[in-house]
Amino acid sequence: MPFHAAADRYADKMQYRRTGRSGLKLPAITLGLWHNFGDTTPMATQRAMLTTAFDLGITHFDLANNYGPPYGSAESNFGEHMRRDFRPYRDELVISSKAGYDMWPGPYGQGGGGRKYVLSSLDQSLKRMDLDYVDIFYSHRFDPDTPLEETMGALATAVQQGKALYVGVSSYSAGKTREAAALLKQMGVPCLIHQPSYSLMNRWIEEDLLNALEENGMGCIAFSALAQGLLTNKYLNGIPANARINQPGGGSFKTEHLSPKNLAHVGALNEMALARGQSLAQMAIAWVLRDPRMTSALIGASRPEQIVELVGALQKLDFTAEELTAIDQHAVDGGINLWKRPSTDQQLA
């Protein structure tokens with residue numbers, strides 16, 4: 001059956017936040033296609049998640065060139081969903097993609113920030129998604145082996161060519177974010193947004209990055225806000241058979257993330273969430289959004305019901321001072337930041 005979006009999709013389920021000082025508003029919750037939109041997930045399941053999200057007012061779908069598995073398949077599959085269901089709603093959608101990690105064989109496809117790789121990757125992404133442009137195009141990671149002027153020049157070219165409306169960076173340090181924003185400003189293209197990893201158990205952006213974004217009028221969208229599922233009730237009683245750690249492409253979630261120390265903190269946070277009348281996942285999303293400098297929390301899902309649950313977090317975003325103090329005792333570094341090297345100006349290992 002053809003998809004007809006819910007008439008009340010903009011009624012009251014979602015809130016929209018201005019992205020820094022720009023004119024673009026994003027939904028407080030964004031659907032990420034990092035996992036569960038590659039060729040290992042049935043197209044019907046993907047469709048159900050995308051249509052559920054849009055009916056709930058989620059207008060932002062976040063992709064990257066290497067999402068899958070295999071690489072590129074999330075964008076190719078999304079292109080099919082666009083053709084079948086979402087083409088009439090293109091002007092209601094914000095679609096983002098990224099380039100920065102290895103993607104195709106040979107010296108020009110191994111990732112980084114080189115002009116040839118970045119712009120070739122964007123062309124490939126547009127072809128896979130059957131789009132004329134993306135709304136946001138990111139440098140997926142800082143590359144210390146490429147001059148930052150070259151990487152930012154490639155992003156500026158993407159806007160000047162009409163292939164991206166806005167550009168941003170992901171997993172850049174506060175210092176490199178300031179440099180990137182200054183370079184793009186000189187080129188007449190503002191840096192719209194930063195996409196860092198951020199969660200109750202990975203709070204690195206609080207040290208200086210949020211300040212850098214505020215100084216430069218940039219928005220912030222947090223990825224891995226649920227710590228790849230750690231901040232849900234999934235692991236409270238062991239590792240279920242359908243957990244990401246057991247799925248194709250799930251290697252980014254590691255057994256050491258399920259350490260007794262981490263699970264003890266997760267259990268305590270779960271009790272606090274229940275006392276608030278929320279699930280742990282809902283409280284984790286609400287906590288990420290508590291700072292007014294945060295534009296959106298990026299969620300992943302494996303079934304539509306999870307999206308419905310997480311949008312429910314918006315019903316209770318406020319925290320008392322006592323709640324935040326109690327949460328701070330357990331919102332500690334869990335050793336889960338897989339993106340620490342690029343965000344501290346280092347080359348990938």
# chains A, B, ... in the order shown; residues from 1 in each chain; ligands from 1
>>> residues_around(residues="Tyr67 of chain A", least_positions_apart="5", cutoff="10 Å", atoms="only C-alpha atoms", output="list in words")
Gly32, Leu33, Trp34, His35, Asn36, Phe37, Gly38, Gly72, Ser73, Ala74, Glu75, Ser76, Ser97, Lys98, Met103 and Gly249 of chain A
>>> select_by_dssp(residues="segment 189-224 of chain A", states="alpha helix (DSSP H)", output="list in words")
Leu209, Leu210, Asn211, Ala212, Leu213, Glu214 and Glu215 of chain A
>>> residues_around(residues="segment 155-169 of chain A", least_positions_apart="2", cutoff="6 Å", atoms="only C-alpha atoms", output="JSON, numbers by chain")
{"A": [133, 134, 135, 136, 137, 138, 139, 152, 153, 189, 191, 192, 193, 194]}
>>> write_last_selection(atoms="C-alpha atoms", output="PDB file, in the first residue's frame")
ATOM      1  CA  TYR A 133      21.247  17.445  -2.804  1.00  0.00           C
ATOM      2  CA  VAL A 134      21.541  16.621   0.871  1.00  0.00           C
ATOM      3  CA  ASP A 135      20.437  19.105   3.471  1.00  0.00           C
ATOM      4  CA  ILE A 136      23.523  18.614   5.684  1.00  0.00           C
ATOM      5  CA  PHE A 137      26.888  17.199   4.636  1.00  0.00           C
ATOM      6  CA  TYR A 138      29.477  16.428   7.306  1.00  0.00           C
ATOM      7  CA  SER A 139      33.169  15.859   7.541  1.00  0.00           C
ATOM      8  CA  MET A 152      36.733  22.722   4.788  1.00  0.00           C
ATOM      9  CA  GLY A 153      37.277  23.870   1.204  1.00  0.00           C
ATOM     10  CA  VAL A 189      29.836  29.120   4.203  1.00  0.00           C
ATOM     11  CA  CYS A 191      29.488  25.712   9.832  1.00  0.00           C
ATOM     12  CA  LEU A 192      25.967  24.719  10.837  1.00  0.00           C
ATOM     13  CA  ILE A 193      26.347  21.905  13.333  1.00  0.00           C
ATOM     14  CA  HIS A 194      28.597  19.460  15.125  1.00  0.00           C
TER      15      HIS A 194
END
>>> atom_distance(atom1="atom CA of Pro107 of chain A", atom2="atom CA of Asn337 of chain A")
27.5 Å
>>> closest_atom_pairs(of="segment 138-226 of chain A", to="segment 260-283 of chain A", cutoff="12 Å", atoms="only C-alpha atoms", output="JSON lines")
{"residue": "A:Ser199", "atom": "CA", "partner": "A:Ala281", "partner_atom": "CA", "distance": 10.8}
{"residue": "A:Leu200", "atom": "CA", "partner": "A:Leu269", "partner_atom": "CA", "distance": 9.3}
{"residue": "A:Met201", "atom": "CA", "partner": "A:Asn262", "partner_atom": "CA", "distance": 8.5}
{"residue": "A:Asn202", "atom": "CA", "partner": "A:Asn262", "partner_atom": "CA", "distance": 11.6}
{"residue": "A:Ser224", "atom": "CA", "partner": "A:Ala281", "partner_atom": "CA", "distance": 11.6}
{"residue": "A:Ala225", "atom": "CA", "partner": "A:Ala281", "partner_atom": "CA", "distance": 9.0}
{"residue": "A:Leu226", "atom": "CA", "partner": "A:Ala281", "partner_atom": "CA", "distance": 6.6}
>>> atom_distance(atom1="atom CA of Lys254 of chain A", atom2="atom CA of Ile285 of chain A")
21.6 Å
>>> closest_residue(among="A:Pro2, A:Gly23, A:Gly229, A:Pro69", to="Gly300 of chain A", atoms="only C-alpha atoms")
A:Gly229
>>> closest_residue(among="A:Tyr117, A:Trp104, A:Glu149, A:Gly112", to="Gln186 of chain A", atoms="only C-alpha atoms")
A:Glu149
>>> select_by_dssp(residues="segment 18-261 of chain A", states="strand (DSSP E)", output="ChimeraX atom specification")
/A:18,25-27,29-32,60-62,94-99,134-139,164-170,191-195,219-222
>>> closest_residue(among="A:Pro147, A:Gly175, A:Gly57, A:Gly79", to="Val308 of chain A", atoms="only C-alpha atoms")
A:Gly57
>>> closest_residue(among="A:Met218, A:Val288, A:Ile307, A:Ala227", to="Ile336 of chain A", atoms="only C-alpha atoms")
A:Ala227
>>> atom_distance(atom1="atom CA of Arg17 of chain A", atom2="atom CA of Thr295 of chain A")
5.6 Å
>>> residues_around(residues="Asn216 of chain A", least_positions_apart="6", cutoff="12 Å", atoms="only C-alpha atoms", output="ChimeraX atom specification")
/A:19-22,174-175,177-185,190-194,209-210,293
>>> write_last_selection(atoms="C-alpha atoms", output="mmCIF file, in the first residue's frame")
data_model
loop_
_atom_site.group_PDB
_atom_site.id
_atom_site.type_symbol
_atom_site.label_atom_id
_atom_site.label_comp_id
_atom_site.auth_asym_id
_atom_site.auth_seq_id
_atom_site.Cartn_x
_atom_site.Cartn_y
_atom_site.Cartn_z
ATOM 1 C CA THR A 19 20.180 24.861 15.037
ATOM 2 C CA GLY A 20 22.563 27.286 16.698
ATOM 3 C CA ARG A 21 21.979 30.765 15.291
ATOM 4 C CA SER A 22 20.900 29.469 11.877
ATOM 5 C CA ALA A 174 36.785 21.956 20.451
ATOM 6 C CA GLY A 175 39.977 23.522 19.079
ATOM 7 C CA THR A 177 35.933 22.975 15.594
ATOM 8 C CA ARG A 178 36.852 26.612 16.196
ATOM 9 C CA GLU A 179 39.424 26.446 13.390
ATOM 10 C CA ALA A 180 36.975 24.756 11.021
ATOM 11 C CA ALA A 181 34.274 27.328 11.725
ATOM 12 C CA ALA A 182 36.718 30.195 11.117
ATOM 13 C CA LEU A 183 37.899 28.707 7.822
ATOM 14 C CA LEU A 184 34.367 28.120 6.563
ATOM 15 C CA LYS A 185 33.364 31.647 7.560
ATOM 16 C CA PRO A 190 28.857 28.895 7.882
ATOM 17 C CA CYS A 191 29.488 25.712 9.832
ATOM 18 C CA LEU A 192 25.967 24.719 10.837
ATOM 19 C CA ILE A 193 26.347 21.905 13.333
ATOM 20 C CA HIS A 194 28.597 19.460 15.125
ATOM 21 C CA LEU A 209 33.092 21.682 22.888
ATOM 22 C CA LEU A 210 29.660 23.033 23.837
ATOM 23 C CA ARG A 293 22.699 24.254 23.356
#
>>> closest_residue(among="A:Asp130, A:Met82, A:Ala5, A:Arg290", to="Thr320 of chain A", atoms="only C-alpha atoms")
A:Arg290
